[in-house]
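Shown next: entry-v6.cif, given as mmCIF, C-alpha atoms and all ligand atoms.
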data_target
#
loop_
_atom_site.label_atom_id
_atom_site.label_comp_id
_atom_site.auth_asym_id
_atom_site.auth_seq_id
_atom_site.Cartn_x
_atom_site.Cartn_y
_atom_site.Cartn_z
CA MET A 28 -67.59 -34.18 44.56
CA SER A 29 -65.82 -32.52 41.66
CA LEU A 30 -67.58 -29.26 42.52
CA LEU A 31 -66.32 -29.55 46.09
CA ASP A 32 -62.87 -30.36 44.68
CA ASP A 33 -62.99 -27.06 42.75
CA LEU A 34 -63.08 -25.30 46.10
CA ALA A 35 -60.52 -27.41 47.90
CA ALA A 36 -57.63 -24.99 47.43
CA VAL A 37 -59.55 -21.75 48.02
CA GLY A 38 -58.97 -19.97 51.31
CA ARG A 39 -56.77 -22.51 53.06
CA ALA A 40 -55.89 -21.39 56.59
CA PRO A 41 -52.21 -21.52 57.53
CA GLY A 42 -53.04 -23.52 60.66
CA GLY A 43 -55.21 -26.07 58.78
CA GLY A 44 -58.75 -26.01 57.44
CA TYR A 45 -60.23 -22.91 55.82
CA ALA A 46 -60.37 -19.18 56.47
CA ARG A 47 -63.09 -17.84 54.17
CA HIS A 48 -64.63 -14.64 55.43
CA VAL A 49 -67.03 -12.19 53.89
CA PHE A 50 -65.50 -9.87 51.29
CA ASP A 51 -61.96 -11.25 51.73
CA ARG A 52 -59.92 -12.69 48.87
CA ALA A 53 -61.15 -16.24 49.33
CA ASP A 54 -64.76 -15.07 49.52
CA THR A 55 -64.33 -13.08 46.32
CA GLU A 56 -62.89 -16.13 44.57
CA LEU A 57 -65.75 -18.32 45.85
CA ARG A 58 -68.31 -15.81 44.61
CA GLU A 59 -66.65 -15.78 41.19
CA TRP A 60 -66.74 -19.57 41.13
CA PHE A 61 -70.44 -19.53 42.03
CA ARG A 62 -71.23 -17.02 39.28
CA GLU A 63 -69.41 -19.18 36.78
CA GLN A 64 -71.13 -22.41 37.88
CA ALA A 65 -74.56 -20.78 37.96
CA GLY A 66 -73.94 -19.30 34.51
CA ARG A 67 -73.05 -22.72 33.10
CA ARG A 68 -76.46 -23.94 34.26
CA GLY A 69 -78.26 -21.03 32.65
CA LEU A 70 -78.94 -19.15 35.88
CA ASP A 71 -78.67 -15.36 36.18
CA VAL A 72 -76.82 -14.16 39.27
CA GLU A 73 -77.63 -10.96 41.12
CA THR A 74 -76.22 -9.59 44.37
CA ASP A 75 -78.82 -8.24 46.76
CA ARG A 76 -78.46 -5.13 48.94
CA ASN A 77 -76.78 -7.16 51.68
CA GLY A 78 -74.20 -9.01 49.62
CA ASN A 79 -76.17 -12.26 49.29
CA LEU A 80 -76.00 -13.92 45.87
CA TRP A 81 -79.16 -15.08 44.08
CA ALA A 82 -78.95 -17.28 40.99
CA TRP A 83 -82.31 -17.22 39.26
CA TRP A 84 -83.45 -19.91 36.88
CA GLY A 85 -85.75 -17.84 34.71
CA GLU A 86 -87.36 -14.64 35.90
CA PRO A 87 -87.24 -13.70 39.59
CA GLY A 88 -90.74 -13.70 41.03
CA PRO A 89 -93.02 -14.21 43.99
CA ASP A 90 -93.54 -17.47 45.91
CA ALA A 91 -90.14 -18.65 44.72
CA LEU A 92 -88.67 -22.00 45.62
CA VAL A 93 -85.18 -21.25 46.97
CA THR A 94 -82.34 -23.51 47.99
CA GLY A 95 -78.72 -22.85 48.96
CA SER A 96 -76.45 -22.20 51.91
CA HIS A 97 -73.20 -20.28 52.46
CA LEU A 98 -69.59 -20.42 51.29
CA ASP A 99 -67.81 -18.70 54.19
CA SER A 100 -66.17 -20.71 56.99
CA VAL A 101 -65.28 -20.39 60.63
CA PRO A 102 -61.56 -19.80 61.31
CA GLY A 103 -59.98 -23.19 60.64
CA GLY A 104 -63.27 -24.60 59.30
CA GLY A 105 -63.98 -27.76 57.36
CA ALA A 106 -64.78 -28.26 53.68
CA PHE A 107 -68.48 -29.12 54.02
CA ASP A 108 -70.15 -26.63 56.39
CA GLY A 109 -71.80 -24.30 53.89
CA PRO A 110 -70.27 -25.37 50.56
CA LEU A 111 -72.07 -28.74 50.64
CA GLY A 112 -75.43 -26.97 50.49
CA VAL A 113 -74.36 -24.71 47.64
CA VAL A 114 -72.76 -27.48 45.62
CA SER A 115 -75.77 -29.76 46.18
CA ALA A 116 -78.10 -26.99 45.04
CA LEU A 117 -76.12 -26.50 41.82
CA GLU A 118 -76.02 -30.24 41.19
CA ALA A 119 -79.76 -30.52 41.86
CA VAL A 120 -80.35 -27.86 39.19
CA SER A 121 -78.40 -30.00 36.73
CA ARG A 122 -80.44 -33.08 37.64
CA LEU A 123 -83.95 -31.62 37.75
CA PRO A 124 -85.87 -32.89 34.73
CA ALA A 125 -87.33 -29.45 34.02
CA ARG A 126 -87.29 -25.91 35.27
CA PRO A 127 -89.69 -25.63 38.21
CA ALA A 128 -93.02 -24.01 37.35
CA ARG A 129 -92.52 -21.63 40.29
CA PRO A 130 -89.79 -18.99 40.26
CA PHE A 131 -86.61 -20.71 41.43
CA ALA A 132 -83.29 -19.54 42.83
CA VAL A 133 -80.09 -20.81 44.38
CA VAL A 134 -78.90 -18.49 47.15
CA VAL A 135 -75.50 -17.98 48.79
CA PHE A 136 -75.80 -16.10 52.06
CA ALA A 137 -73.00 -13.76 53.16
CA GLU A 138 -71.01 -14.42 56.36
CA GLU A 139 -73.14 -17.17 57.90
CA GLU A 140 -70.46 -17.95 60.46
CA GLY A 141 -69.82 -14.42 61.66
CA GLY A 142 -66.13 -15.29 61.33
CA ARG A 143 -65.05 -11.80 60.32
CA PHE A 144 -67.51 -9.35 61.87
CA GLY A 145 -68.74 -11.42 64.82
CA VAL A 146 -72.44 -11.60 63.99
CA PRO A 147 -73.51 -14.98 62.58
CA CYS A 148 -76.01 -15.16 59.72
CA LEU A 149 -75.06 -11.59 58.85
CA GLY A 150 -76.54 -11.67 55.33
CA SER A 151 -79.83 -13.29 56.32
CA ARG A 152 -80.20 -11.15 59.46
CA LEU A 153 -79.75 -8.00 57.40
CA LEU A 154 -82.11 -9.26 54.70
CA THR A 155 -84.87 -9.99 57.23
CA GLY A 156 -84.30 -6.90 59.37
CA ALA A 157 -83.12 -8.97 62.35
CA LEU A 158 -79.95 -6.86 62.48
CA ASP A 159 -80.00 -3.08 62.61
CA PRO A 160 -78.08 -1.76 59.58
CA ASP A 161 -76.46 1.07 61.57
CA ARG A 162 -75.07 -1.48 64.00
CA ALA A 163 -73.98 -3.68 61.11
CA ARG A 164 -72.15 -0.89 59.29
CA ALA A 165 -70.12 -0.15 62.43
CA LEU A 166 -69.08 -3.77 63.10
CA ARG A 167 -65.30 -4.16 62.95
CA ASP A 168 -63.15 -7.11 61.98
CA PRO A 169 -60.06 -8.00 64.04
CA ASP A 170 -57.99 -5.56 61.92
CA GLY A 171 -60.35 -2.67 62.68
CA VAL A 172 -61.95 -2.59 59.21
CA THR A 173 -65.67 -1.79 59.43
CA LEU A 174 -68.30 -3.78 57.60
CA ALA A 175 -69.21 -0.57 55.79
CA GLU A 176 -65.63 -0.25 54.50
CA ALA A 177 -65.33 -3.92 53.54
CA ALA A 178 -68.69 -3.89 51.78
CA ALA A 179 -67.86 -0.73 49.84
CA ARG A 180 -64.55 -2.24 48.68
CA ALA A 181 -66.46 -5.31 47.48
CA GLY A 182 -68.91 -3.16 45.52
CA VAL A 183 -71.83 -3.50 47.97
CA ASP A 184 -73.20 -0.06 48.85
CA PRO A 185 -73.10 0.16 52.67
CA ALA A 186 -75.85 2.80 52.67
CA ARG A 187 -78.28 0.20 51.27
CA LEU A 188 -77.63 -2.55 53.84
CA GLY A 189 -80.74 -3.58 55.76
CA ARG A 190 -84.14 -5.18 55.50
CA ASP A 191 -84.85 -5.98 51.87
CA ASP A 192 -88.56 -6.55 51.42
CA GLU A 193 -88.20 -7.09 47.70
CA ALA A 194 -85.72 -9.97 48.05
CA LEU A 195 -87.42 -11.37 51.16
CA GLY A 196 -90.91 -11.11 49.71
CA ARG A 197 -90.02 -13.32 46.78
CA ILE A 198 -89.14 -16.36 48.89
CA GLY A 199 -92.08 -18.74 49.15
CA THR A 200 -90.19 -21.81 50.38
CA PHE A 201 -86.56 -22.18 51.46
CA VAL A 202 -84.78 -25.53 51.74
CA GLU A 203 -81.17 -25.63 52.97
CA LEU A 204 -79.05 -28.78 52.77
CA HIS A 205 -76.22 -28.94 55.29
CA VAL A 206 -73.71 -31.41 56.65
CA GLU A 207 -74.83 -32.68 60.06
CA GLN A 208 -72.53 -31.24 62.69
CA GLY A 209 -72.69 -33.75 65.51
CA ARG A 210 -73.40 -37.43 65.89
CA ALA A 211 -77.19 -37.13 65.71
CA LEU A 212 -77.73 -38.85 62.34
CA ASP A 213 -77.04 -42.54 61.72
CA VAL A 214 -78.61 -42.76 58.26
CA PRO A 215 -77.42 -40.83 55.18
CA VAL A 216 -80.05 -38.05 55.22
CA GLY A 217 -82.29 -36.44 57.84
CA VAL A 218 -84.78 -33.56 58.03
CA GLY A 219 -84.28 -30.67 60.46
CA SER A 220 -86.87 -30.18 63.19
CA THR A 221 -85.55 -27.46 65.53
CA VAL A 222 -82.54 -25.21 66.14
CA LEU A 223 -81.38 -24.50 69.65
CA GLU A 224 -81.70 -20.99 71.05
CA HIS A 225 -78.27 -19.35 70.96
CA GLY A 226 -76.30 -16.16 71.20
CA ARG A 227 -72.88 -14.57 71.53
CA TRP A 228 -71.70 -12.29 74.30
CA ARG A 229 -68.50 -10.27 74.74
CA PHE A 230 -67.06 -9.97 78.25
CA SER A 231 -64.55 -7.10 78.44
CA PHE A 232 -62.39 -7.01 81.57
CA THR A 233 -60.19 -4.04 82.49
CA GLY A 234 -57.42 -4.17 85.08
CA GLN A 235 -53.97 -2.61 85.29
CA GLY A 236 -51.18 -3.59 82.93
CA ASN A 237 -48.02 -4.15 84.94
CA HIS A 238 -44.70 -5.94 85.31
CA ALA A 239 -44.85 -9.72 85.72
CA GLY A 240 -41.73 -9.79 87.91
CA THR A 241 -41.96 -6.77 90.16
CA THR A 242 -45.69 -6.61 90.91
CA ILE A 243 -46.33 -8.55 94.10
CA LEU A 244 -49.47 -10.64 94.03
CA ALA A 245 -51.34 -8.41 96.49
CA ASP A 246 -50.88 -5.39 94.20
CA ARG A 247 -52.16 -6.98 91.02
CA ARG A 248 -55.31 -6.11 89.13
CA ASP A 249 -55.04 -8.89 86.56
CA PRO A 250 -58.09 -9.16 84.25
CA MET A 251 -57.05 -12.68 83.25
CA LEU A 252 -58.22 -13.98 86.61
CA PRO A 253 -61.91 -13.06 86.33
CA ALA A 254 -61.76 -14.08 82.65
CA ALA A 255 -60.55 -17.54 83.67
CA GLU A 256 -63.38 -17.68 86.19
CA VAL A 257 -65.89 -17.03 83.41
CA VAL A 258 -64.48 -19.85 81.27
CA LEU A 259 -64.94 -22.33 84.11
CA ALA A 260 -68.28 -20.98 85.35
CA ALA A 261 -69.70 -21.08 81.81
CA ARG A 262 -69.14 -24.82 81.62
CA ARG A 263 -70.56 -25.33 85.10
CA LEU A 264 -73.70 -23.26 84.49
CA ALA A 265 -74.39 -24.71 81.03
CA SER A 266 -74.25 -28.21 82.48
CA THR A 267 -76.91 -27.32 85.06
CA VAL A 268 -79.42 -26.46 82.28
CA ASP A 269 -78.24 -29.09 79.76
CA GLY A 270 -77.12 -26.23 77.51
CA ARG A 271 -73.84 -25.49 75.79
CA ALA A 272 -71.28 -22.80 76.53
CA THR A 273 -68.00 -22.15 74.79
CA VAL A 274 -65.24 -19.58 75.02
CA GLY A 275 -63.49 -20.07 71.69
CA ARG A 276 -61.80 -16.71 71.59
CA LEU A 277 -60.00 -14.78 74.31
CA VAL A 278 -57.76 -11.77 73.68
CA PRO A 279 -55.46 -10.36 76.36
CA ARG A 280 -53.93 -6.97 75.59
CA PRO A 281 -51.21 -6.05 75.10
CA GLY A 282 -50.35 -9.75 75.08
CA GLY A 283 -46.83 -10.22 76.45
CA THR A 284 -45.57 -13.19 78.45
CA ASN A 285 -43.96 -10.91 81.04
CA VAL A 286 -46.83 -8.40 81.07
CA ILE A 287 -49.90 -8.50 83.29
CA ALA A 288 -52.67 -7.77 80.81
CA SER A 289 -54.44 -4.44 81.02
CA THR A 290 -57.57 -5.81 79.31
CA VAL A 291 -58.99 -9.18 78.39
CA ASP A 292 -61.87 -9.62 75.96
CA LEU A 293 -63.52 -12.99 75.67
CA TRP A 294 -66.40 -14.15 73.55
CA LEU A 295 -68.96 -16.58 74.91
CA ASP A 296 -71.12 -18.71 72.61
CA ALA A 297 -74.02 -20.02 74.69
CA ARG A 298 -76.89 -22.23 73.51
CA GLY A 299 -79.95 -23.61 75.23
CA ARG A 300 -81.36 -21.33 77.98
CA SER A 301 -78.44 -19.13 77.11
CA ARG A 302 -79.84 -15.85 78.44
CA GLU A 303 -80.40 -17.46 81.83
CA VAL A 304 -76.84 -18.79 81.79
CA VAL A 305 -75.44 -15.41 80.79
CA ALA A 306 -77.38 -13.57 83.51
CA GLU A 307 -75.81 -15.80 86.16
CA LEU A 308 -72.45 -15.64 84.48
CA THR A 309 -72.58 -11.85 84.46
CA ASP A 310 -73.04 -11.86 88.24
CA ALA A 311 -70.14 -14.30 88.60
CA ALA A 312 -67.97 -12.16 86.32
CA ARG A 313 -68.72 -8.98 88.29
CA ALA A 314 -67.90 -10.67 91.59
CA ALA A 315 -64.67 -12.14 90.24
CA ALA A 316 -63.67 -8.83 88.64
CA ALA A 317 -64.34 -6.88 91.87
CA ALA A 318 -62.30 -9.37 93.88
CA GLU A 319 -59.32 -8.62 91.61
CA GLY A 320 -59.85 -4.83 91.48
CA CYS A 321 -61.00 -5.06 87.85
CA THR A 322 -64.16 -4.03 86.00
CA VAL A 323 -66.22 -5.91 83.44
CA THR A 324 -68.79 -5.02 80.81
CA VAL A 325 -70.96 -7.62 79.10
CA THR A 326 -72.40 -7.01 75.62
CA GLU A 327 -74.86 -9.21 73.76
CA GLU A 328 -73.54 -9.34 70.19
CA SER A 329 -76.19 -11.63 68.71
CA TYR A 330 -79.16 -13.67 69.85
CA GLY A 331 -81.76 -15.95 68.33
CA GLY A 332 -84.54 -17.89 70.09
CA THR A 333 -85.41 -21.56 69.55
CA VAL A 334 -86.57 -22.20 66.00
CA THR A 335 -89.02 -24.85 64.84
CA PHE A 336 -89.02 -25.40 61.10
CA ASP A 337 -92.35 -25.41 59.26
CA PRO A 338 -94.12 -28.55 60.59
CA ALA A 339 -96.20 -29.20 57.46
CA LEU A 340 -93.17 -28.83 55.21
CA CYS A 341 -91.08 -31.08 57.49
CA ASP A 342 -93.79 -33.74 57.48
CA ARG A 343 -93.93 -33.55 53.71
CA LEU A 344 -90.17 -34.03 53.46
CA THR A 345 -89.93 -36.86 55.99
CA GLY A 346 -92.82 -38.62 54.20
CA LEU A 347 -91.29 -38.11 50.78
CA LEU A 348 -87.81 -39.25 51.79
CA GLY A 349 -88.62 -41.73 54.55
CA ALA A 350 -86.02 -39.83 56.56
CA PRO A 351 -85.88 -39.13 60.30
CA GLU A 352 -86.30 -35.69 61.85
CA LEU A 353 -83.58 -34.34 64.07
CA PRO A 354 -82.88 -31.22 66.12
CA THR A 355 -79.57 -29.37 65.99
CA GLY A 356 -77.50 -27.08 68.16
CA ALA A 357 -75.96 -25.45 65.08
CA GLY A 358 -77.20 -22.13 63.73
CA HIS A 359 -78.22 -21.67 60.09
CA ASP A 360 -79.56 -18.97 57.77
CA ALA A 361 -82.61 -21.23 57.43
CA ALA A 362 -83.32 -20.60 61.11
CA ILE A 363 -83.35 -16.84 60.48
CA LEU A 364 -85.63 -17.21 57.46
CA ALA A 365 -88.00 -19.53 59.33
CA ALA A 366 -89.69 -16.53 60.98
CA HIS A 367 -90.64 -15.19 57.53
CA THR A 368 -91.29 -18.07 55.18
CA ALA A 369 -91.84 -21.84 54.99
CA THR A 370 -88.41 -23.28 55.70
CA ALA A 371 -86.90 -26.74 56.00
CA MET A 372 -83.47 -28.30 56.25
CA LEU A 373 -81.89 -31.52 55.04
CA TYR A 374 -78.84 -32.90 56.86
CA VAL A 375 -76.22 -35.23 55.45
CA ARG A 376 -74.60 -37.69 57.87
CA ASN A 377 -71.26 -36.74 59.41
CA PRO A 378 -69.43 -39.93 60.41
CA THR A 379 -66.83 -38.18 62.54
CA GLY A 380 -69.34 -36.03 64.43
CA ILE A 381 -66.75 -33.26 64.08
CA SER A 382 -67.52 -29.88 62.55
CA HIS A 383 -66.04 -26.37 62.59
CA ALA A 384 -62.69 -28.17 62.27
CA PRO A 385 -60.62 -29.60 59.41
CA GLU A 386 -61.73 -33.16 60.30
CA GLU A 387 -65.35 -32.39 59.31
CA PHE A 388 -66.33 -35.07 56.80
CA ALA A 389 -69.09 -36.70 54.77
CA GLU A 390 -68.79 -39.92 52.76
CA ASP A 391 -69.18 -39.65 48.97
CA ALA A 392 -72.17 -42.02 49.08
CA ASP A 393 -73.91 -39.83 51.68
CA VAL A 394 -73.20 -36.68 49.70
CA GLU A 395 -74.80 -38.39 46.70
CA ALA A 396 -77.78 -39.41 48.87
CA GLY A 397 -78.10 -35.78 49.95
CA VAL A 398 -78.16 -34.55 46.35
CA VAL A 399 -80.73 -37.19 45.40
CA ALA A 400 -82.88 -36.16 48.37
CA LEU A 401 -82.60 -32.45 47.61
CA THR A 402 -83.45 -33.02 43.95
CA ARG A 403 -86.55 -35.03 44.93
CA VAL A 404 -87.63 -32.38 47.38
CA LEU A 405 -87.20 -29.56 44.85
CA GLU A 406 -89.09 -31.53 42.23
CA ASP A 407 -91.87 -32.22 44.72
CA LEU A 408 -92.10 -28.52 45.64
CA SER A 409 -91.68 -27.21 42.12
CA THR A 410 -95.33 -26.51 41.31
C1 LIG B 501 -72.84 -22.02 62.86
O1 LIG B 501 -72.48 -23.02 62.26
C2 LIG B 501 -72.99 -22.08 64.27
O2 LIG B 501 -73.84 -22.85 64.72
O3 LIG B 501 -72.23 -21.43 64.96
MN MN B 502 -70.96 -23.43 60.80
MN MN B 503 -73.18 -23.73 58.07
MN MN B 504 -38.16 -5.01 81.80
#

Same coordinates, now as structure tokens:
Amino acid sequence: MSLLDDLAAVGRAPGGGYARHVFDRADTELREWFREQAGRRGLDVETDRNGNLWAWWGEPGPDALVTGSHLDSVPGGGAFDGPLGVVSALEAVSRLPARPARPFAVVVFAEEEGGRFGVPCLGSRLLTGALDPDRARALRDPDGVTLAEAAARAGVDPARLGRDDEALGRIGTFVELHVEQGRALDVPVGVGSTVLEHGRWRFSFTGQGNHAGTTILADRRDPMLPAAEVVLAARRLASTVDGRATVGRLVPRPGGTNVIASTVDLWLDARGRSREVVAELTDAARAAAAAEGCTVTVTEESYGGTVTFDPALCDRLTGLLGAPELPTGAGHDAAILAAHTATAMLYVRNPTGISHAPEEFAEDADVEAGVVALTRVLEDLST
């Protein structure tokens, strides 16, 4: 808890919660903190080609046992999503009776939330080759800064972004501890089974900017109307497939109360049969746009299929801990790594069921139970 307290003041968002985004000031401070904490435990920290941090206990090597998570947040995020896994990993290092016989590292992945550049699990997708580096370099944050520019300023060479077989090839087993993000866990600790298929899509509507007072209704080409239709249809369609659909961000331009917008961009997060939902939603968006004299383009910004964590590893963990298995609708770097290496997750109970918000919470006793569980798991996997 004192490690989490260290971070409490870093990257506070003016509207509440945290704003910690890759290569910004808060992120830089968090990375410094991690280096310092890893150093105190005798670990050597290196930054890989994609801006992920690796703290090695002894020499880096093949078939490594790796644990960790991320330190970035969503806009207005809570204190636990990400940092809990990093803090628990550091604390587990302090508690392990001996250095594991296998190579061992604590990892901090860059930009898990996609809060700045829009693509979640940016660091792990680049590492594994799931994201094309040319596309990544050109990603822009809301201020128009490209990932290439932000990386260069942070000392990460943008020309070297991309699949990193050396770093990837070392990981033999990856275990990520994370706060549970819904109400699926009623005991202190659980083991992850699956991650829901999910993706992000941008819907860009174009109409005609105009005067809110003089433009009669029949003359309007207001892109906000088809955008509103998409918000409502997304909920309707997701409910028909028992999926999830969210429009958490919608930007009308130029954005004046007395101005009919000329464009509206909205971002859809859809999970569970999401491509089916988006195909239908695209048809609905086109029809609604045409009815208003507007146009729409739909772009898939990220996508990942359903992930099942390594069954043998999960069985080993549930047996060792006597803990239940549970699925999640939340995305994780572990889900990206699962296609490449034996991967498992531990979840710590979240009594509020709230996450990606300042109210996200875990009880001290459950955090302790999570650290105890992670330490046992690492010890069990250490040879
Ligand atoms: C990450 O936490 C996500 O599921 O969006
Ligand atoms: Mn998250
Ligand atoms: Mn997370
Ligand atoms: Mn006027």

Proximity of chain A to ligand MN 504 (chain B): per-residue shortest pair, 9 Å limit, only C-alpha atoms and all ligand atoms, as a tab-separated table:
residue	atom	partner	partner_atom	distance
A:His238	CA	B:MN504	MN	7.5
A:Gly240	CA	B:MN504	MN	8.5
A:Asn285	CA	B:MN504	MN	8.3

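Distances to Ser115 in chain A were evaluated for A:Arg187, A:His205, A:Arg62, A:Arg129 using all atoms listed in the file, and the minimum falls at A:His205.
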
Could I get the residues of chain A with an atom no further than 12 Å from an atom of ligand LIG 501 (chain B), each paired with its nearest atom pair and that distance in Å to one decimal, using only C-alpha atoms and all ligand atoms, sorted by chain and residue number, as CSV?
residue,atom,partner,partner_atom,distance
A:Ser96,CA,B:LIG501,O1,11.1
A:His97,CA,B:LIG501,O1,10.2
A:Leu98,CA,B:LIG501,O1,11.6
A:Asp99,CA,B:LIG501,O1,10.3
A:Ser100,CA,B:LIG501,O1,8.5
A:Val101,CA,B:LIG501,O1,7.8
A:Pro102,CA,B:LIG501,O3,11.4
A:Gly104,CA,B:LIG501,O1,9.8
A:Gly105,CA,B:LIG501,O1,10.9
A:Phe107,CA,B:LIG501,O1,11.0
A:Asp108,CA,B:LIG501,O1,7.3
A:Gly109,CA,B:LIG501,O1,8.5
A:Glu138,CA,B:LIG501,C1,10.2
A:Glu139,CA,B:LIG501,C1,6.9
A:Glu140,CA,B:LIG501,C1,5.3
A:Gly141,CA,B:LIG501,O3,8.1
A:Gly142,CA,B:LIG501,O3,9.4
A:Gly145,CA,B:LIG501,O3,10.6
A:Val146,CA,B:LIG501,O3,9.9
A:Pro147,CA,B:LIG501,O3,7.0
A:Cys148,CA,B:LIG501,C1,8.2
A:Leu149,CA,B:LIG501,C1,11.4
A:His205,CA,B:LIG501,O1,9.9
A:Val206,CA,B:LIG501,O1,10.2
A:Glu207,CA,B:LIG501,O1,10.2
A:Gln208,CA,B:LIG501,O1,8.2
A:Gly209,CA,B:LIG501,O2,11.0
A:Val222,CA,B:LIG501,O2,9.1
A:Leu223,CA,B:LIG501,O2,9.2
A:Glu224,CA,B:LIG501,O2,10.3
A:His225,CA,B:LIG501,O2,8.4
A:Gly226,CA,B:LIG501,O3,9.1
A:Arg227,CA,B:LIG501,O3,9.5
A:Arg271,CA,B:LIG501,O2,11.4
A:Ala272,CA,B:LIG501,O3,11.7
A:Thr273,CA,B:LIG501,O3,10.7
A:Gly275,CA,B:LIG501,O3,11.1
A:Leu295,CA,B:LIG501,O3,11.5
A:Asp296,CA,B:LIG501,O3,8.2
A:Ala297,CA,B:LIG501,O3,10.0
A:Arg298,CA,B:LIG501,O2,9.3
A:Ser329,CA,B:LIG501,O3,11.2
A:Tyr330,CA,B:LIG501,O3,11.5
A:Gly331,CA,B:LIG501,O2,11.1
A:Thr355,CA,B:LIG501,O2,8.8
A:Gly356,CA,B:LIG501,O2,6.6
A:Ala357,CA,B:LIG501,O2,3.4
A:Gly358,CA,B:LIG501,O2,3.6
A:His359,CA,B:LIG501,C1,6.1
A:Asp360,CA,B:LIG501,C1,9.0
A:Ala361,CA,B:LIG501,C1,11.2
A:Ala362,CA,B:LIG501,O2,10.4
A:Ile363,CA,B:LIG501,C1,12.0
A:Ile381,CA,B:LIG501,O1,11.9
A:Ser382,CA,B:LIG501,O1,8.5
A:His383,CA,B:LIG501,O1,7.3
A:Ala384,CA,B:LIG501,O1,11.1

When you look at range 260-270 of chain A with a cut-off of 8 Å (counting all atoms listed in the file), what residues show up, excluding the ones that are within fewer than 2 positions of it in the same chain? I need them as JSON, numbers by chain. {"A": [256, 257, 258, 272, 273, 297, 298, 299, 300, 301, 304, 307, 308, 311]}

Could you please take those selected residues and save C-alpha atoms as a PDB file, keeping the file's coordinate frame?
ATOM      1  CA  GLU A 256     -63.380 -17.680  86.190  1.00  0.00           C
ATOM      2  CA  VAL A 257     -65.890 -17.030  83.410  1.00  0.00           C
ATOM      3  CA  VAL A 258     -64.480 -19.850  81.270  1.00  0.00           C
ATOM      4  CA  ALA A 272     -71.280 -22.800  76.530  1.00  0.00           C
ATOM      5  CA  THR A 273     -68.000 -22.150  74.790  1.00  0.00           C
ATOM      6  CA  ALA A 297     -74.020 -20.020  74.690  1.00  0.00           C
ATOM      7  CA  ARG A 298     -76.890 -22.230  73.510  1.00  0.00           C
ATOM      8  CA  GLY A 299     -79.950 -23.610  75.230  1.00  0.00           C
ATOM      9  CA  ARG A 300     -81.360 -21.330  77.980  1.00  0.00           C
ATOM     10  CA  SER A 301     -78.440 -19.130  77.110  1.00  0.00           C
ATOM     11  CA  VAL A 304     -76.840 -18.790  81.790  1.00  0.00           C
ATOM     12  CA  GLU A 307     -75.810 -15.800  86.160  1.00  0.00           C
ATOM     13  CA  LEU A 308     -72.450 -15.640  84.480  1.00  0.00           C
ATOM     14  CA  ALA A 311     -70.140 -14.300  88.600  1.00  0.00           C
TER      15      ALA A 311
END

Set the distance at 10 Å and use all atoms listed in the file: which residues neighbour Gly320 in chain A once local chain neighbours fewer than 3 positions away are removed? I'd like the list as a PyMOL selection string. chain A and resi 233-235+246-250+253+314-317

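Minimum atom-to-atom distances from A:Met372, A:Leu347, A:Ile243, A:Leu31 to ligand MN 503 (chain B) were compared using all atoms listed in the file, and the lowest value belongs to A:Met372.
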
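Proximity ranking of A:Val398, A:Leu92, A:Val120, A:Val135 relative to ligand MN 503 (chain B) places A:Val135 first, based on all atoms listed in the file.
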
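With distances taken over all atoms listed in the file, A:Ala106 is the one residue among A:Ala106, A:Asp393, A:Thr345, A:Gly85 lying closest to ligand MN 502 (chain B).
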
Between A:Gly69, A:Gly88, A:Gly349, A:Gly282, which one has atoms that come closest to Val404 in chain A, using all atoms listed in the file? A:Gly349

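The coordinates place CA of Leu80 in chain A at 21.0 Å from CA of Leu123 in chain A.
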
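For the set A:Thr379, A:Thr402, A:Thr173, A:Thr94, the residue with the smallest atom-to-atom gap to Phe50 in chain A is A:Thr173, counting all atoms listed in the file.
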
Please check which residues have atoms at most 8 Å from (-88.9, -26.3, 38.6) in the file's coordinates, counting all atoms listed in the file, and write them as a VMD selection string. chain A and resid 123 125 to 131 405 to 406 409 to 410

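CA of Val37 in chain A sits 14.6 Å away from CA of Leu111 in chain A.
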
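Note that CA of Arg276 in chain A and CA of Asp310 in chain A are 20.7 Å apart.
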
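Neighbourhood of point (-68.8, -9.7, 54.9): residues with an atom at most 7 Å away, counting only C-alpha atoms, are His48, Val49, Phe50, Ala137, Glu138, Arg143, Leu174, Ala177 and Ala178 of chain A.
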